[in-house]
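Here is the file input_32.csv (CSV, N, CA and C atoms).
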```
chain,number,residue,atom,x,y,z
V,15,VAL,N,-26.6,-50.8,-18.0
V,15,VAL,CA,-27.1,-49.6,-18.7
V,15,VAL,C,-28.6,-49.9,-19.0
V,16,MET,N,-29.4,-48.9,-18.7
V,16,MET,CA,-30.8,-49.0,-18.9
V,16,MET,C,-31.1,-49.2,-20.4
V,17,GLN,N,-30.4,-48.6,-21.3
V,17,GLN,CA,-30.7,-48.6,-22.7
V,17,GLN,C,-30.7,-50.1,-23.2
V,18,LEU,N,-29.8,-50.9,-22.7
V,18,LEU,CA,-29.7,-52.3,-23.1
V,18,LEU,C,-31.0,-53.1,-22.6
V,19,LEU,N,-31.5,-52.7,-21.5
V,19,LEU,CA,-32.7,-53.3,-21.0
V,19,LEU,C,-33.9,-52.9,-21.9
V,20,TYR,N,-33.9,-51.7,-22.3
V,20,TYR,CA,-35.0,-51.2,-23.2
V,20,TYR,C,-35.0,-51.9,-24.5
V,21,VAL,N,-33.8,-52.0,-25.1
V,21,VAL,CA,-33.6,-52.7,-26.3
V,21,VAL,C,-34.0,-54.2,-26.2
V,22,ALA,N,-33.6,-54.8,-25.1
V,22,ALA,CA,-33.9,-56.2,-24.9
V,22,ALA,C,-35.4,-56.4,-24.8
V,23,ASN,N,-36.1,-55.5,-24.2
V,23,ASN,CA,-37.6,-55.5,-24.1
V,23,ASN,C,-38.2,-55.4,-25.4
V,24,ARG,N,-37.6,-54.5,-26.3
V,24,ARG,CA,-38.2,-54.4,-27.7
V,24,ARG,C,-38.1,-55.7,-28.4
V,25,TYR,N,-37.0,-56.4,-28.2
V,25,TYR,CA,-36.8,-57.7,-28.9
V,25,TYR,C,-37.8,-58.7,-28.3
V,26,GLU,N,-38.1,-58.6,-27.0
V,26,GLU,CA,-39.2,-59.5,-26.5
V,26,GLU,C,-40.5,-59.3,-27.2
V,27,TRP,N,-40.8,-58.1,-27.6
V,27,TRP,CA,-42.1,-57.8,-28.2
V,27,TRP,C,-42.0,-57.9,-29.7
V,28,LYS,N,-40.9,-58.2,-30.3
V,28,LYS,CA,-40.7,-58.2,-31.7
V,28,LYS,C,-41.7,-59.1,-32.5
V,29,SER,N,-41.9,-60.3,-32.1
V,29,SER,CA,-42.8,-61.2,-32.8
V,29,SER,C,-44.2,-60.7,-32.7
V,30,GLN,N,-44.6,-60.2,-31.6
V,30,GLN,CA,-46.0,-59.6,-31.5
V,30,GLN,C,-46.1,-58.4,-32.4
V,31,LEU,N,-45.1,-57.5,-32.4
V,31,LEU,CA,-45.2,-56.4,-33.3
V,31,LEU,C,-45.2,-56.8,-34.8
V,32,GLN,N,-44.4,-57.8,-35.2
V,32,GLN,CA,-44.5,-58.3,-36.5
V,32,GLN,C,-45.8,-58.9,-36.9
V,33,ARG,N,-46.4,-59.6,-36.0
V,33,ARG,CA,-47.7,-60.2,-36.3
V,33,ARG,C,-48.8,-59.1,-36.5
V,34,GLU,N,-48.8,-58.1,-35.6
V,34,GLU,CA,-49.7,-57.0,-35.8
V,34,GLU,C,-49.5,-56.2,-37.0
V,35,LEU,N,-48.3,-56.0,-37.4
V,35,LEU,CA,-48.0,-55.2,-38.6
V,35,LEU,C,-48.4,-56.0,-39.8
V,36,ALA,N,-48.2,-57.3,-39.8
V,36,ALA,CA,-48.6,-58.2,-40.9
V,36,ALA,C,-50.1,-58.2,-41.1
V,37,ARG,N,-50.8,-58.0,-40.0
V,37,ARG,CA,-52.3,-58.0,-40.0
V,37,ARG,C,-52.8,-56.6,-40.5
V,38,GLY,N,-51.9,-55.7,-40.6
V,38,GLY,CA,-52.3,-54.3,-41.1
V,38,GLY,C,-52.7,-53.4,-39.9
V,39,THR,N,-52.3,-53.8,-38.7
V,39,THR,CA,-52.6,-53.0,-37.5
V,39,THR,C,-51.6,-51.8,-37.6
V,40,VAL,N,-52.2,-50.6,-37.2
V,40,VAL,CA,-51.3,-49.4,-37.1
V,40,VAL,C,-50.8,-49.5,-35.7
V,41,VAL,N,-49.5,-49.5,-35.5
V,41,VAL,CA,-48.8,-49.6,-34.2
V,41,VAL,C,-48.1,-48.3,-34.0
V,42,ILE,N,-48.4,-47.7,-32.8
V,42,ILE,CA,-47.8,-46.4,-32.4
V,42,ILE,C,-47.0,-46.7,-31.2
V,43,CYS,N,-45.7,-46.4,-31.3
V,43,CYS,CA,-44.8,-46.6,-30.2
V,43,CYS,C,-44.2,-45.2,-29.7
V,44,ASP,N,-44.4,-44.9,-28.5
V,44,ASP,CA,-43.8,-43.7,-27.9
V,44,ASP,C,-42.4,-44.0,-27.6
V,45,ARG,N,-41.5,-43.2,-28.1
V,45,ARG,CA,-40.0,-43.4,-27.9
V,45,ARG,C,-39.6,-44.8,-28.1
V,46,TYR,N,-39.6,-45.2,-29.3
V,46,TYR,CA,-39.2,-46.5,-29.7
V,46,TYR,C,-37.7,-46.6,-29.9
V,47,LEU,N,-37.2,-46.9,-31.1
V,47,LEU,CA,-35.8,-47.1,-31.4
V,47,LEU,C,-35.0,-45.8,-31.1
V,48,ALA,N,-35.5,-44.7,-31.5
V,48,ALA,CA,-34.8,-43.4,-31.4
V,48,ALA,C,-34.5,-43.0,-29.9
V,49,SER,N,-35.3,-43.4,-29.0
V,49,SER,CA,-35.2,-43.0,-27.6
V,49,SER,C,-33.9,-43.6,-27.0
V,50,SER,N,-33.7,-44.9,-27.3
V,50,SER,CA,-32.5,-45.5,-26.7
V,50,SER,C,-31.2,-44.9,-27.3
V,51,VAL,N,-31.3,-44.5,-28.6
V,51,VAL,CA,-30.1,-43.8,-29.2
V,51,VAL,C,-29.9,-42.4,-28.5
V,52,ALA,N,-31.0,-41.7,-28.4
V,52,ALA,CA,-30.9,-40.3,-27.9
V,52,ALA,C,-30.4,-40.3,-26.4
V,53,TYR,N,-31.1,-41.1,-25.6
V,53,TYR,CA,-30.7,-41.1,-24.2
V,53,TYR,C,-29.3,-41.8,-24.0
V,54,GLY,N,-29.1,-42.9,-24.7
V,54,GLY,CA,-27.8,-43.6,-24.6
V,54,GLY,C,-26.6,-42.7,-25.0
V,55,ALA,N,-26.8,-42.0,-26.2
V,55,ALA,CA,-25.7,-41.1,-26.7
V,55,ALA,C,-25.5,-40.0,-25.7
V,56,ALA,N,-26.6,-39.5,-25.1
V,56,ALA,CA,-26.5,-38.4,-24.2
V,56,ALA,C,-25.8,-38.8,-22.9
V,57,GLN,N,-25.7,-40.1,-22.6
V,57,GLN,CA,-25.0,-40.6,-21.5
V,57,GLN,C,-23.6,-41.2,-21.9
V,58,GLY,N,-23.2,-41.0,-23.1
V,58,GLY,CA,-21.8,-41.3,-23.5
V,58,GLY,C,-21.7,-42.6,-24.3
V,59,LEU,N,-22.8,-43.3,-24.6
V,59,LEU,CA,-22.8,-44.5,-25.4
V,59,LEU,C,-22.7,-44.1,-26.9
V,60,ASP,N,-22.1,-45.0,-27.7
V,60,ASP,CA,-22.0,-44.8,-29.1
V,60,ASP,C,-23.3,-44.9,-29.8
V,61,ALA,N,-23.8,-43.9,-30.5
V,61,ALA,CA,-25.1,-43.9,-31.2
V,61,ALA,C,-25.2,-44.9,-32.3
V,62,ALA,N,-24.1,-45.1,-33.0
V,62,ALA,CA,-24.1,-46.1,-34.1
V,62,ALA,C,-24.3,-47.5,-33.6
V,63,TRP,N,-23.6,-47.8,-32.5
V,63,TRP,CA,-23.7,-49.1,-31.8
V,63,TRP,C,-25.2,-49.3,-31.3
V,64,LEU,N,-25.8,-48.3,-30.7
V,64,LEU,CA,-27.2,-48.4,-30.3
V,64,LEU,C,-28.1,-48.6,-31.5
V,65,MET,N,-27.9,-47.9,-32.6
V,65,MET,CA,-28.7,-48.1,-33.7
V,65,MET,C,-28.5,-49.5,-34.3
V,66,ASP,N,-27.3,-50.0,-34.4
V,66,ASP,CA,-26.9,-51.3,-35.0
V,66,ASP,C,-27.6,-52.4,-34.2
V,67,MET,N,-27.6,-52.3,-32.9
V,67,MET,CA,-28.2,-53.4,-32.1
V,67,MET,C,-29.7,-53.5,-32.3
V,68,GLN,N,-30.3,-52.5,-32.9
V,68,GLN,CA,-31.8,-52.6,-33.1
V,68,GLN,C,-32.2,-52.8,-34.6
V,69,LYS,N,-31.2,-53.1,-35.4
V,69,LYS,CA,-31.5,-53.2,-36.8
V,69,LYS,C,-32.4,-54.3,-37.2
V,70,TYR,N,-32.5,-55.3,-36.3
V,70,TYR,CA,-33.4,-56.5,-36.6
V,70,TYR,C,-34.8,-56.3,-36.1
V,71,LEU,N,-35.1,-55.2,-35.5
V,71,LEU,CA,-36.4,-54.9,-35.0
V,71,LEU,C,-37.2,-54.2,-36.1
V,72,PRO,N,-38.6,-54.3,-36.0
V,72,PRO,CA,-39.4,-53.6,-37.0
V,72,PRO,C,-39.0,-52.2,-37.0
V,73,GLN,N,-38.8,-51.6,-38.2
V,73,GLN,CA,-38.4,-50.2,-38.3
V,73,GLN,C,-39.7,-49.4,-38.5
V,74,PRO,N,-39.7,-48.2,-38.0
V,74,PRO,CA,-40.8,-47.3,-38.1
V,74,PRO,C,-41.0,-46.8,-39.6
V,75,ASP,N,-42.3,-46.7,-40.0
V,75,ASP,CA,-42.6,-46.1,-41.2
V,75,ASP,C,-42.5,-44.5,-41.1
V,76,LEU,N,-42.7,-44.1,-39.9
V,76,LEU,CA,-42.7,-42.6,-39.7
V,76,LEU,C,-42.2,-42.4,-38.3
V,77,THR,N,-41.4,-41.4,-38.1
V,77,THR,CA,-41.0,-40.9,-36.8
V,77,THR,C,-41.2,-39.4,-36.7
V,78,ILE,N,-41.9,-39.0,-35.7
V,78,ILE,CA,-42.3,-37.6,-35.5
V,78,ILE,C,-41.5,-37.2,-34.3
V,79,LEU,N,-40.8,-36.1,-34.4
V,79,LEU,CA,-40.1,-35.5,-33.3
V,79,LEU,C,-40.8,-34.2,-32.9
V,80,LEU,N,-41.4,-34.3,-31.7
V,80,LEU,CA,-42.0,-33.1,-31.1
V,80,LEU,C,-40.9,-32.3,-30.3
V,81,ASP,N,-40.3,-31.4,-31.0
V,81,ASP,CA,-39.1,-30.7,-30.6
V,81,ASP,C,-39.4,-29.5,-29.7
V,82,ILE,N,-38.8,-29.5,-28.5
V,82,ILE,CA,-39.0,-28.3,-27.6
V,82,ILE,C,-37.8,-28.1,-26.8
V,83,ASP,N,-37.4,-26.9,-26.5
V,83,ASP,CA,-36.3,-26.6,-25.7
V,83,ASP,C,-36.5,-27.2,-24.3
V,84,PRO,N,-35.6,-27.8,-23.7
V,84,PRO,CA,-35.7,-28.4,-22.3
V,84,PRO,C,-36.2,-27.4,-21.3
V,85,ALA,N,-35.7,-26.1,-21.4
V,85,ALA,CA,-36.1,-25.1,-20.4
V,85,ALA,C,-37.6,-24.8,-20.5
V,86,VAL,N,-38.1,-24.8,-21.8
V,86,VAL,CA,-39.5,-24.5,-22.0
V,86,VAL,C,-40.3,-25.7,-21.4
V,87,SER,N,-39.9,-26.9,-21.7
V,87,SER,CA,-40.6,-28.1,-21.2
V,87,SER,C,-40.6,-28.1,-19.6
V,88,ALA,N,-39.5,-27.6,-19.0
V,88,ALA,CA,-39.5,-27.6,-17.6
V,88,ALA,C,-40.5,-26.5,-17.0
V,89,ARG,N,-40.7,-25.4,-17.7
V,89,ARG,CA,-41.7,-24.5,-17.3
V,89,ARG,C,-43.1,-25.0,-17.4
V,90,ARG,N,-43.3,-25.9,-18.4
V,90,ARG,CA,-44.6,-26.5,-18.6
V,90,ARG,C,-45.0,-27.5,-17.6
V,91,LYS,N,-44.0,-28.3,-17.1
V,91,LYS,CA,-44.3,-29.3,-16.1
V,91,LYS,C,-43.4,-29.0,-14.9
V,92,THR,N,-44.0,-28.4,-13.9
V,92,THR,CA,-43.2,-28.0,-12.8
V,92,THR,C,-43.2,-28.9,-11.6
V,93,VAL,N,-44.1,-29.9,-11.6
V,93,VAL,CA,-44.2,-30.9,-10.5
V,93,VAL,C,-44.1,-32.3,-11.0
V,94,ASP,N,-43.7,-33.2,-10.2
V,94,ASP,CA,-43.6,-34.6,-10.5
V,94,ASP,C,-42.6,-34.9,-11.6
V,95,ARG,N,-41.5,-34.1,-11.7
V,95,ARG,CA,-40.5,-34.3,-12.7
V,95,ARG,C,-39.6,-35.4,-12.3
V,96,ASP,N,-39.4,-36.5,-13.1
V,96,ASP,CA,-38.5,-37.5,-12.7
V,96,ASP,C,-37.0,-37.1,-12.8
V,97,LYS,N,-36.1,-37.9,-12.5
V,97,LYS,CA,-34.7,-37.5,-12.5
V,97,LYS,C,-34.2,-37.1,-13.8
V,98,TYR,N,-34.7,-37.7,-14.9
V,98,TYR,CA,-34.3,-37.2,-16.3
V,98,TYR,C,-34.9,-35.8,-16.6
V,99,GLU,N,-36.1,-35.6,-16.2
V,99,GLU,CA,-36.8,-34.4,-16.5
V,99,GLU,C,-36.2,-33.2,-15.7
V,100,ARG,N,-35.5,-33.5,-14.6
V,100,ARG,CA,-34.9,-32.4,-13.8
V,100,ARG,C,-33.5,-32.1,-14.3
V,101,ASP,N,-32.9,-32.9,-15.1
V,101,ASP,CA,-31.5,-32.7,-15.5
V,101,ASP,C,-31.6,-32.0,-16.9
V,102,LEU,N,-31.6,-30.7,-16.9
V,102,LEU,CA,-31.7,-29.9,-18.2
V,102,LEU,C,-30.5,-30.1,-19.1
V,103,ALA,N,-29.3,-30.3,-18.5
V,103,ALA,CA,-28.1,-30.5,-19.3
V,103,ALA,C,-28.3,-31.8,-20.1
V,104,LEU,N,-28.7,-32.9,-19.4
V,104,LEU,CA,-28.9,-34.2,-20.0
V,104,LEU,C,-30.0,-34.0,-21.1
V,105,LEU,N,-31.1,-33.3,-20.8
V,105,LEU,CA,-32.2,-33.2,-21.8
V,105,LEU,C,-31.7,-32.4,-23.0
V,106,GLU,N,-30.8,-31.5,-22.8
V,106,GLU,CA,-30.2,-30.7,-24.0
V,106,GLU,C,-29.4,-31.7,-24.9
V,107,ARG,N,-28.6,-32.6,-24.3
V,107,ARG,CA,-27.9,-33.6,-25.0
V,107,ARG,C,-28.8,-34.5,-25.7
V,108,VAL,N,-29.9,-34.9,-25.1
V,108,VAL,CA,-30.9,-35.8,-25.7
V,108,VAL,C,-31.5,-35.1,-26.9
V,109,ARG,N,-31.9,-33.9,-26.7
V,109,ARG,CA,-32.5,-33.1,-27.8
V,109,ARG,C,-31.5,-33.0,-29.0
V,110,ARG,N,-30.3,-32.8,-28.7
V,110,ARG,CA,-29.3,-32.7,-29.9
V,110,ARG,C,-29.2,-34.0,-30.6
V,111,SER,N,-29.3,-35.2,-29.9
V,111,SER,CA,-29.3,-36.5,-30.5
V,111,SER,C,-30.5,-36.7,-31.3
V,112,TYR,N,-31.7,-36.3,-30.8
V,112,TYR,CA,-32.9,-36.4,-31.5
V,112,TYR,C,-32.9,-35.6,-32.8
V,113,LEU,N,-32.4,-34.4,-32.7
V,113,LEU,CA,-32.3,-33.5,-33.9
V,113,LEU,C,-31.4,-34.1,-34.9
V,114,GLU,N,-30.3,-34.7,-34.5
V,114,GLU,CA,-29.3,-35.3,-35.4
V,114,GLU,C,-30.0,-36.5,-36.1
V,115,GLN,N,-30.7,-37.3,-35.3
V,115,GLN,CA,-31.4,-38.5,-35.9
V,115,GLN,C,-32.5,-38.0,-36.9
V,116,ALA,N,-33.2,-36.9,-36.5
V,116,ALA,CA,-34.3,-36.4,-37.3
V,116,ALA,C,-33.8,-36.0,-38.7
V,117,SER,N,-32.5,-35.7,-38.9
V,117,SER,CA,-32.0,-35.3,-40.2
V,117,SER,C,-32.1,-36.4,-41.2
V,118,ALA,N,-32.4,-37.6,-40.8
V,118,ALA,CA,-32.6,-38.8,-41.7
V,118,ALA,C,-34.0,-38.9,-42.3
V,119,GLY,N,-34.8,-37.8,-42.1
V,119,GLY,CA,-36.1,-37.8,-42.8
V,119,GLY,C,-37.3,-37.9,-41.9
V,120,TRP,N,-37.1,-37.7,-40.6
V,120,TRP,CA,-38.2,-37.6,-39.7
V,120,TRP,C,-39.0,-36.4,-40.0
V,121,VAL,N,-40.2,-36.3,-39.4
V,121,VAL,CA,-41.0,-35.1,-39.3
V,121,VAL,C,-40.7,-34.4,-38.0
V,122,ARG,N,-40.2,-33.2,-38.1
V,122,ARG,CA,-39.8,-32.5,-36.9
V,122,ARG,C,-40.9,-31.4,-36.8
V,123,LEU,N,-41.5,-31.4,-35.6
V,123,LEU,CA,-42.6,-30.4,-35.3
V,123,LEU,C,-42.1,-29.5,-34.1
V,124,ASP,N,-42.4,-28.2,-34.3
V,124,ASP,CA,-42.1,-27.3,-33.2
V,124,ASP,C,-43.2,-27.5,-32.1
V,125,ALA,N,-42.8,-28.1,-31.0
V,125,ALA,CA,-43.8,-28.4,-29.9
V,125,ALA,C,-44.0,-27.2,-29.0
V,126,ASP,N,-43.3,-26.1,-29.2
V,126,ASP,CA,-43.5,-24.9,-28.4
V,126,ASP,C,-44.6,-24.0,-29.0
V,127,ARG,N,-45.7,-24.7,-29.3
V,127,ARG,CA,-46.9,-24.0,-29.9
V,127,ARG,C,-48.1,-24.6,-29.1
V,128,ASP,N,-49.2,-24.0,-29.4
V,128,ASP,CA,-50.5,-24.5,-28.8
V,128,ASP,C,-50.6,-26.0,-29.2
V,129,ARG,N,-51.1,-26.7,-28.2
V,129,ARG,CA,-51.1,-28.2,-28.3
V,129,ARG,C,-52.1,-28.6,-29.4
V,130,ASP,N,-53.2,-27.8,-29.6
V,130,ASP,CA,-54.1,-28.2,-30.7
V,130,ASP,C,-53.5,-28.0,-32.1
V,131,VAL,N,-52.6,-27.0,-32.2
V,131,VAL,CA,-51.9,-26.8,-33.5
V,131,VAL,C,-50.9,-27.9,-33.7
V,132,VAL,N,-50.2,-28.3,-32.6
V,132,VAL,CA,-49.2,-29.4,-32.7
V,132,VAL,C,-50.0,-30.7,-33.1
V,133,ALA,N,-51.1,-31.0,-32.4
V,133,ALA,CA,-51.9,-32.2,-32.7
V,133,ALA,C,-52.4,-32.2,-34.1
V,134,ALA,N,-52.8,-31.1,-34.7
V,134,ALA,CA,-53.2,-31.0,-36.1
V,134,ALA,C,-52.1,-31.4,-37.0
V,135,ASP,N,-50.9,-30.9,-36.7
V,135,ASP,CA,-49.7,-31.2,-37.5
V,135,ASP,C,-49.3,-32.7,-37.4
V,136,VAL,N,-49.5,-33.3,-36.2
V,136,VAL,CA,-49.2,-34.7,-36.1
V,136,VAL,C,-50.2,-35.5,-37.0
V,137,TRP,N,-51.5,-35.2,-36.9
V,137,TRP,CA,-52.5,-35.8,-37.7
V,137,TRP,C,-52.3,-35.7,-39.2
V,138,GLN,N,-51.8,-34.5,-39.6
V,138,GLN,CA,-51.5,-34.3,-41.0
V,138,GLN,C,-50.3,-35.2,-41.4
V,139,ALA,N,-49.3,-35.3,-40.6
V,139,ALA,CA,-48.1,-36.2,-40.9
V,139,ALA,C,-48.5,-37.7,-40.9
V,140,VAL,N,-49.3,-38.1,-40.0
V,140,VAL,CA,-49.8,-39.5,-39.9
V,140,VAL,C,-50.8,-39.8,-41.1
V,141,GLY,N,-51.6,-38.9,-41.4
V,141,GLY,CA,-52.7,-39.1,-42.4
V,141,GLY,C,-52.1,-39.5,-43.7
V,142,VAL,N,-50.9,-39.0,-44.0
V,142,VAL,CA,-50.3,-39.4,-45.3
V,142,VAL,C,-50.1,-40.9,-45.5
V,143,LEU,N,-49.9,-41.5,-44.3
V,143,LEU,CA,-49.6,-43.0,-44.3
V,143,LEU,C,-50.9,-43.8,-44.2
V,144,LEU,N,-52.0,-43.2,-43.7
V,144,LEU,CA,-53.2,-44.0,-43.5
V,144,LEU,C,-54.1,-44.2,-44.7
```
As structure tokens, please, write out the structure in this file.
Amino acid sequence: VMQLLYVANRYEWKSQLQRELARGTVVICDRYLASSVAYGAAQGLDAAWLMDMQKYLPQPDLTILLDIDPAVSARRKTVDRDKYERDLALLERVRRSYLEQASAGWVRLDADRDRDVVAADVWQAVGVLL
């Protein structure tokens, strides 16, 4: 299962992440812990198990969900879509998992808006922590 490889890779980077965080470095990770939960759960794995196996990794101070309907994202990117991006049913299950995870206090932003507006909202959310 790919999710296990992704989690193992995160553990490989754990000490470097901890060093950088201890130095005060701002670390931005695209699709970090939540991604393996969302995609794993969408493919039938237990979300709690996926979360539990990552509990010893550095935890994010902030998680931002750029939420968009899979059909809308498919209209935005019509070429070079990978196998996951072509499977709208899978993407809808992934989205539901992300939305469920987001209920734990993430910042959820509607990504079906002008990208400059979305970017401004991301900067506002991040700015609180900087």
Show me, as a ChimeraX atom specification, the residues that have an atom within 8 Å of segment 20-23 of chain V when counting only N, CA and C atoms, minus same-chain residues fewer than 5 positions from it. /V:15,28,47,50,67-68
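Note that the spacing between atom CA of Leu76 of chain V and atom CA of Val142 of chain V amounts to 10.0 Å.
Separating atom CA of Gly58 of chain V from atom C of Val121 of chain V is a distance of 24.8 Å.
A straight line drawn from atom N of Val131 of chain V to atom C of Ala88 of chain V is 19.4 Å long.
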Would you list the contacts of segment 111-116 of chain V as a ChimeraX atom specification, taking every protein, DNA or RNA residue within 6.5 Å and counting all atoms listed in the file, but skipping same-chain residues closer than 5 positions in sequence? /V:51-52,106,121
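Considering only segment 40-125 of chain V, backbone DSSP assigns strand (DSSP E) to Ile78, Leu79, Leu80, Asp81, Val121, Arg122, Leu123 and Asp124 of chain V.
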Size and centre in Å, one decimal, axis-aligned box, all listed segment 127-140 of chain V atoms plus 3 Å per side, as lines of an AutoDock Vina configuration file:
```
center_x = -49.9
center_y = -31.9
center_z = -34.8
size_x = 14.4
size_y = 21.8
size_z = 19.2
```
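If you measure from each of V:Leu59, V:Met65, V:Leu19, V:Arg90 to Asp128 of chain V using only C-alpha atoms, the closest one turns out to be V:Arg90.
Using only C-alpha atoms, the smallest distance between any of V:Leu144, V:Leu35, V:Ile78, V:Leu105 and Gly119 of chain V comes from V:Ile78.
Using only N, CA and C atoms, the smallest distance between any of V:Tyr25, V:Gly38, V:Val132, V:Ala85 and Tyr70 of chain V comes from V:Tyr25.
Comparing V:Arg33, V:Met16, V:Leu123, V:Ala133 by their smallest distance to Leu79 of chain V, the closest is V:Leu123 (using only N, CA and C atoms).
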